[in-house]
Each structure stands twice: as structure tokens, then as C-alpha cells.
$ cat data.csv   # CSV, C-alpha atoms
chain,number,residue,atom,x,y,z
S,1,MET,CA,-2.6,23.9,-4.9
S,2,ILE,CA,-2.8,21.3,-7.6
S,3,ASP,CA,-4.2,22.4,-11.0
S,4,ARG,CA,-7.8,21.1,-11.5
S,5,GLU,CA,-7.0,19.2,-14.7
S,6,LEU,CA,-3.8,17.7,-13.2
S,7,LYS,CA,-5.8,16.7,-10.1
S,8,ARG,CA,-8.5,15.0,-12.3
S,9,THR,CA,-5.9,13.1,-14.2
S,10,LEU,CA,-4.1,12.0,-11.1
S,11,GLY,CA,-7.4,10.9,-9.8
S,12,GLN,CA,-7.7,8.3,-12.5
S,13,MET,CA,-4.8,6.4,-11.0
S,14,MET,CA,-5.9,3.2,-9.3
S,15,HIS,CA,-4.2,1.9,-6.1
S,16,GLY,CA,-4.5,-1.0,-3.8
S,17,VAL,CA,-6.0,-0.3,-0.4
S,18,GLN,CA,-4.2,-1.0,2.8
S,19,VAL,CA,-4.7,-0.3,6.5
S,20,VAL,CA,-1.5,0.9,8.2
S,21,GLY,CA,-1.3,0.4,11.9
S,22,ALA,CA,1.1,1.1,14.8
S,23,ALA,CA,1.2,0.7,18.5
S,24,ASP,CA,3.3,2.3,21.3
S,25,ASP,CA,2.9,2.3,25.0
S,26,GLY,CA,-0.5,0.7,24.9
S,27,VAL,CA,-2.0,3.1,22.3
S,28,VAL,CA,-3.1,1.5,19.0
S,29,ARG,CA,-4.0,3.5,15.9
S,30,ALA,CA,-4.6,2.7,12.2
S,31,TYR,CA,-5.5,4.5,9.0
S,32,CYS,CA,-6.6,3.6,5.5
S,33,SER,CA,-4.0,4.2,2.8
S,34,HIS,CA,-3.6,3.6,-0.9
S,35,TRP,CA,-0.1,5.0,-0.8
S,36,VAL,CA,2.0,1.9,0.3
S,37,VAL,CA,4.2,0.4,-2.3
S,38,GLN,CA,7.0,-2.1,-2.6
S,39,VAL,CA,10.1,-0.2,-3.8
S,40,SER,CA,12.8,-3.0,-4.2
S,41,PHE,CA,13.0,-6.4,-5.8
S,42,ALA,CA,16.3,-7.3,-4.2
S,43,GLU,CA,15.1,-6.6,-0.6
S,44,PRO,CA,11.7,-6.5,1.0
S,45,ILE,CA,11.4,-2.8,1.3
S,46,VAL,CA,8.1,-0.8,1.3
S,47,LEU,CA,7.3,2.9,1.3
S,48,ALA,CA,4.3,4.3,3.2
S,49,SER,CA,3.3,7.9,2.6
S,50,VAL,CA,2.0,9.1,6.0
S,51,SER,CA,0.5,12.4,7.0
S,52,PRO,CA,2.4,13.7,10.1
S,53,ARG,CA,-0.9,15.1,11.3
S,54,HIS,CA,-2.4,11.6,11.6
S,55,ASP,CA,-2.5,10.1,15.1
S,56,THR,CA,-0.8,6.9,13.7
S,57,TYR,CA,2.3,8.8,12.7
S,58,PRO,CA,3.8,9.5,16.2
S,59,LEU,CA,3.3,5.9,17.0
S,60,ILE,CA,5.3,4.8,13.9
S,61,ARG,CA,8.1,7.2,14.8
S,62,ALA,CA,8.2,6.2,18.5
S,63,SER,CA,8.0,2.4,18.0
S,64,GLY,CA,10.0,2.3,14.8
S,65,ARG,CA,7.6,-0.2,13.2
S,66,PHE,CA,4.2,-0.5,11.6
S,67,SER,CA,1.9,-3.0,10.0
S,68,VAL,CA,0.3,-3.1,6.6
S,69,SER,CA,-3.0,-5.0,6.1
S,70,ILE,CA,-3.8,-5.5,2.4
S,71,LEU,CA,-7.6,-5.3,2.1
S,72,ALA,CA,-9.7,-7.7,0.1
S,73,GLY,CA,-12.4,-6.5,-2.2
S,74,ASP,CA,-15.1,-7.4,0.3
S,75,GLN,CA,-13.5,-5.2,3.1
S,76,VAL,CA,-14.8,-1.8,2.0
S,77,ASP,CA,-16.3,-1.4,5.5
S,78,ALA,CA,-12.8,-1.6,7.1
S,79,GLY,CA,-11.4,0.7,4.5
S,80,GLN,CA,-14.1,3.2,5.0
S,81,TYR,CA,-13.9,3.0,8.8
S,82,PHE,CA,-10.1,3.7,8.8
S,83,SER,CA,-10.4,6.4,6.1
S,84,TYR,CA,-11.4,8.9,8.9
S,85,PRO,CA,-9.6,9.6,12.1
S,86,GLY,CA,-10.8,7.0,14.7
S,87,ARG,CA,-11.9,9.8,17.0
S,88,ARG,CA,-14.7,10.7,14.5
S,89,PHE,CA,-16.2,7.3,15.1
S,90,HIS,CA,-15.2,7.2,18.7
S,91,ARG,CA,-13.3,4.0,17.9
S,92,ILE,CA,-16.5,2.0,18.1
S,93,ALA,CA,-15.6,-0.7,15.5
S,94,GLU,CA,-13.0,-2.7,17.5
S,95,GLU,CA,-13.7,-5.7,15.4
S,96,PHE,CA,-11.7,-4.3,12.5
S,97,LEU,CA,-8.4,-4.6,14.3
S,98,GLU,CA,-6.6,-7.4,16.2
S,99,LEU,CA,-3.1,-7.5,17.7
S,100,ASP,CA,-0.4,-10.0,16.7
S,101,GLU,CA,1.9,-11.7,19.1
S,102,ASP,CA,4.2,-8.6,19.1
S,103,GLY,CA,1.4,-6.1,19.6
S,104,LEU,CA,1.1,-4.9,16.0
S,105,PRO,CA,-2.4,-4.2,14.8
S,106,TYR,CA,-3.8,-5.9,11.7
S,107,VAL,CA,-7.1,-6.3,10.0
S,108,PRO,CA,-8.4,-9.8,10.3
S,109,ASP,CA,-9.4,-11.7,7.1
S,110,ALA,CA,-7.3,-9.4,4.9
S,111,VAL,CA,-5.6,-10.7,1.8
S,112,GLY,CA,-2.4,-10.6,4.0
S,113,TRP,CA,-0.5,-8.4,6.3
S,114,LEU,CA,3.1,-7.3,6.7
S,115,GLY,CA,5.2,-6.4,9.8
S,116,CYS,CA,7.6,-3.6,8.9
S,117,GLU,CA,10.6,-2.0,10.7
S,118,LEU,CA,11.3,1.6,9.9
S,119,ILE,CA,14.5,2.3,8.1
S,120,GLU,CA,14.3,6.0,7.2
S,121,VAL,CA,11.7,8.8,7.2
S,122,GLN,CA,12.0,11.5,4.5
S,123,GLU,CA,10.3,14.8,5.7
S,124,HIS,CA,11.8,17.2,3.1
S,125,TRP,CA,12.6,17.2,-0.5
S,126,GLY,CA,16.3,17.6,-1.5
S,127,ASP,CA,15.9,21.4,-1.6
S,128,GLY,CA,14.7,21.4,2.0
S,129,THR,CA,11.0,22.0,1.1
S,130,PRO,CA,8.8,20.2,3.7
S,131,ILE,CA,6.7,17.3,2.3
S,132,ASP,CA,3.0,17.2,3.3
S,133,HIS,CA,3.1,13.4,3.7
S,134,HIS,CA,6.3,12.0,5.1
S,135,LEU,CA,7.8,9.0,3.3
S,136,CYS,CA,8.4,6.1,5.6
S,137,PHE,CA,10.8,3.5,4.2
S,138,ALA,CA,10.6,0.1,6.0
S,139,ARG,CA,11.9,-3.4,5.8
S,140,VAL,CA,9.3,-6.1,5.8
S,141,VAL,CA,10.4,-8.5,8.6
S,142,ARG,CA,7.4,-10.8,8.5
S,143,ALA,CA,4.4,-11.6,6.5
S,144,ARG,CA,1.2,-13.4,7.3
S,145,PRO,CA,-0.7,-14.6,4.3
S,146,GLY,CA,-4.5,-14.4,4.6
S,147,ARG,CA,-7.0,-14.8,1.8
S,148,LEU,CA,-4.3,-14.6,-1.0
S,149,ARG,CA,-6.7,-15.9,-3.6
S,150,GLU,CA,-9.2,-13.1,-3.0
S,151,PRO,CA,-9.1,-10.0,-5.3
S,152,PRO,CA,-7.8,-7.0,-3.5
S,153,LEU,CA,-9.7,-3.7,-2.9
S,154,LEU,CA,-8.7,-0.8,-5.1
S,155,TYR,CA,-9.3,2.9,-4.9
S,156,SER,CA,-9.1,6.0,-7.1
S,157,SER,CA,-10.2,9.5,-6.1
S,158,ARG,CA,-12.2,9.8,-9.3
S,159,LEU,CA,-13.7,6.2,-9.5
S,160,GLY,CA,-14.0,5.4,-5.8
S,161,TRP,CA,-13.8,1.9,-4.4
S,162,ARG,CA,-13.3,-1.0,-6.8
S,163,VAL,CA,-12.5,-4.7,-6.7
S,164,ALA,CA,-9.7,-6.1,-8.8
S,165,GLY,CA,-11.0,-8.9,-11.0
S,166,ASP,CA,-10.8,-9.8,-14.7
S,167,ARG,CA,-7.5,-10.6,-16.3
S,168,ALA,CA,-6.2,-8.0,-18.7
S,169,ARG,CA,-4.6,-10.5,-21.1
S,170,GLU,CA,-6.3,-13.1,-23.2
S,171,PRO,CA,-5.7,-16.7,-22.0
S,172,GLY,CA,-3.0,-18.5,-24.0
S,173,ARG,CA,-1.6,-15.3,-25.5
S,174,SER,CA,1.9,-14.2,-24.6
S,175,ILE,CA,2.4,-10.5,-25.6
S,176,ARG,CA,6.1,-10.8,-24.5
S,177,ASP,CA,6.6,-13.7,-27.0
S,178,GLU,CA,4.9,-11.7,-29.7
S,179,LEU,CA,7.2,-8.7,-29.1
S,180,LEU,CA,10.3,-11.0,-29.1
S,181,GLU,CA,9.2,-12.4,-32.5
S,182,ARG,CA,8.9,-8.9,-33.9
S,183,LEU,CA,12.3,-8.1,-32.6
S,184,VAL,CA,13.9,-11.1,-34.3
S,185,ALA,CA,11.9,-10.4,-37.5
S,186,ALA,CA,13.3,-6.9,-37.5
S,187,GLY,CA,16.8,-8.3,-37.5
S,188,TYR,CA,17.7,-7.7,-33.8
S,189,ASP,CA,18.9,-10.3,-31.4
S,190,GLU,CA,16.7,-11.3,-28.5
S,191,PRO,CA,17.6,-9.4,-25.4
S,192,GLY,CA,19.9,-11.3,-23.0
S,193,PRO,CA,19.0,-12.1,-19.4
S,194,GLU,CA,20.9,-9.0,-18.1
S,195,GLU,CA,18.6,-6.8,-20.2
S,196,ASP,CA,15.4,-8.2,-18.7

$ encode --input "data.csv" --output "C-alpha cells"
Amino acid sequence: MIDRELKRTLGQMMHGVQVVGAADDGVVRAYCSHWVVQVSFAEPIVLASVSPRHDTYPLIRASGRFSVSILAGDQVDAGQYFSYPGRRFHRIAEEFLELDEDGLPYVPDAVGWLGCELIEVQEHWGDGTPIDHHLCFARVVRARPGRLREPPLLYSSRLGWRVAGDRAREPGRSIRDELLERLVAAGYDEPGPEED
């Protein structure tokens, strides 16, 4: 069990919200996640943390693929719907999913969606201890842009649903340039391109 203070601190972490979907043998399932991340710049690789107890998981394993729909700030309804196992809502909200030409489910009107092919699944830590959420590494093999200019939906267990919005930097100010000027003023050379 996670320590209460540690849990509260981790709960401050803000994450983008996605719907991960899979299909196999005519069965389609999806769940809401905020644990999908890009893990490589050199290649289009993502990591999805998936509970093996979720009904989407066996479809991911059997088909070797899944989709990731990146939700927009105005799609809390889809996020909330897929936050629970579909059986709890008797799968009544069919409007939240469509199938692409290859049969992968995606959320319509999302910021965008990704089609992913499974590379590897990590079920245990290096010492053999089982992981409660399996780590599914996948290559993004296609992307469909949607409403790319819309702010994405965010979530934190402490703050709840949020919408990304205001810029964090002042317009016209380059913090990087200011740091480089300080570096030169302190007598150091500017970092070369290999150090970026």
C-alpha cells in the first residue's frame, strides 16, 4: 500500500487523458487512461500502462494492437464513460466509439488518434515481482489528426478533470536565451549541438 503523503503528492501530477481501445474477433473494448506516454524521439514508440484485469487487455494481447484517442478538453463525457468498465453502463453510449478502416476503435472528434502495434509487454520488474499494471510498448504505425488546435483534457487524482490552456511563458521571452547569456557571462562556452 502506498504511504498517504506519497499518494497525495503523486496525486498532484497532471496527465493528458486518452481512451485506449482494442478489438479482436468482433469484440470491441476501450478504457480511459492517463498513463500513455511517448518514450522515444528517434522512433514513434509509446508506452501504455494497462491493468491485466481490464477487459481491453486480452484484446490487446490477442490482436497485438491498440488505438489511443487523445481527448480534447470538451470530452469529459467520453473520459468519464470509459473510466468505468463498460459493463457498468451496459455499453449504452455507442456514440463514443467508431471503428477505423482496420477495425480499431477510436473516439470521434478527439484531438487525434494513434494506431499502435504491440512490440513488448512487461509483466514483471527485473527482480521477478509482478506489476499490477502491465507495460505495453508499441510502435505508432499511423496517426489521424483531429482537432489539433483544441486544448487537451488533463487529469490528476487530486485535482480532477482539467483543460490545458494558458501558456506558461510570457510572450516574447526566451528563458533558454536568458540561460545561455548567463552561461557566457559566467565564462563558459555555449553548449554545442551534441549537448542539447

$ atom_distance --input "data.csv" --atom1 "CA of Val163 (chain S)" --atom2 "CA of Gly73 (chain S)"
4.8 Å

$ residues_near_point --input "data.csv" --point "(-3.8, 1.6, 13.7)" --cutoff "8 Å" --atoms "only C-alpha atoms" --output "PyMOL selection string"
chain S and resi 19-23+28-31+56+97+105-106

$ closest_atom_pairs --input "data.csv" --of "region 27-53 of chain S" --to "region 152-157 of chain S" --cutoff "12 Å" --atoms "all atoms listed in the file" --output "JSON lines"
{"residue": "S:Cys32", "atom": "CA", "partner": "S:Tyr155", "partner_atom": "CA", "distance": 10.8}
{"residue": "S:Ser33", "atom": "CA", "partner": "S:Tyr155", "partner_atom": "CA", "distance": 9.4}
{"residue": "S:His34", "atom": "CA", "partner": "S:Tyr155", "partner_atom": "CA", "distance": 7.0}
{"residue": "S:Trp35", "atom": "CA", "partner": "S:Tyr155", "partner_atom": "CA", "distance": 10.3}

$ residues_near_point --input "data.csv" --point "(7.9, 5.7, 8.3)" --cutoff "12 Å" --atoms "all atoms listed in the file" --output "VMD selection string"
chain S and resid 20 to 22 36 45 to 52 56 to 68 116 to 123 133 to 139

$ atom_distance --input "data.csv" --atom1 "CA of Glu150 (chain S)" --atom2 "CA of His15 (chain S)"
16.1 Å

$ residues_around --input "data.csv" --residues "Phe96 (chain S)" --least-positions-apart "4" --cutoff "9 Å" --atoms "only C-alpha atoms" --output "list in words"
Asp77, Ala78, Tyr81, Phe82, Tyr106, Val107 and Pro108 of chain S

$ atom_distance --input "data.csv" --atom1 "CA of Glu101 (chain S)" --atom2 "CA of Ala72 (chain S)"
22.6 Å

$ residues_around --input "data.csv" --residues "Ala143 (chain S)" --least-positions-apart "4" --cutoff "8 Å" --atoms "only C-alpha atoms" --output "ChimeraX atom specification"
/S:112-115

$ closest_residue --input "data.csv" --among "S:Leu104, S:Leu99, S:Ile131, S:Val140" --to "Ser40 (chain S)" --atoms "only C-alpha atoms"
S:Val140

$ residues_around --input "data.csv" --residues "Pro151 (chain S)" --least-positions-apart "4" --cutoff "10 Å" --atoms "only C-alpha atoms" --output "short mmCIF file (atom, residue, chain, number, x, y, z; two decimals) with C-alpha atoms, in the frame of the given file"
data_model
loop_
_atom_site.label_atom_id
_atom_site.label_comp_id
_atom_site.auth_asym_id
_atom_site.auth_seq_id
_atom_site.Cartn_x
_atom_site.Cartn_y
_atom_site.Cartn_z
CA LEU S 71 -7.60 -5.30 2.10
CA ALA S 72 -9.70 -7.70 0.10
CA GLY S 73 -12.40 -6.50 -2.20
CA ASP S 74 -15.10 -7.40 0.30
CA VAL S 111 -5.60 -10.70 1.80
CA ARG S 147 -7.00 -14.80 1.80
CA VAL S 163 -12.50 -4.70 -6.70
CA ALA S 164 -9.70 -6.10 -8.80
CA GLY S 165 -11.00 -8.90 -11.00
CA ASP S 166 -10.80 -9.80 -14.70
#

$ closest_residue --input "data.csv" --among "S:Ala93, S:Ala110, S:Ile2, S:Val17" --to "Gly79 (chain S)" --atoms "all atoms listed in the file"
S:Val17
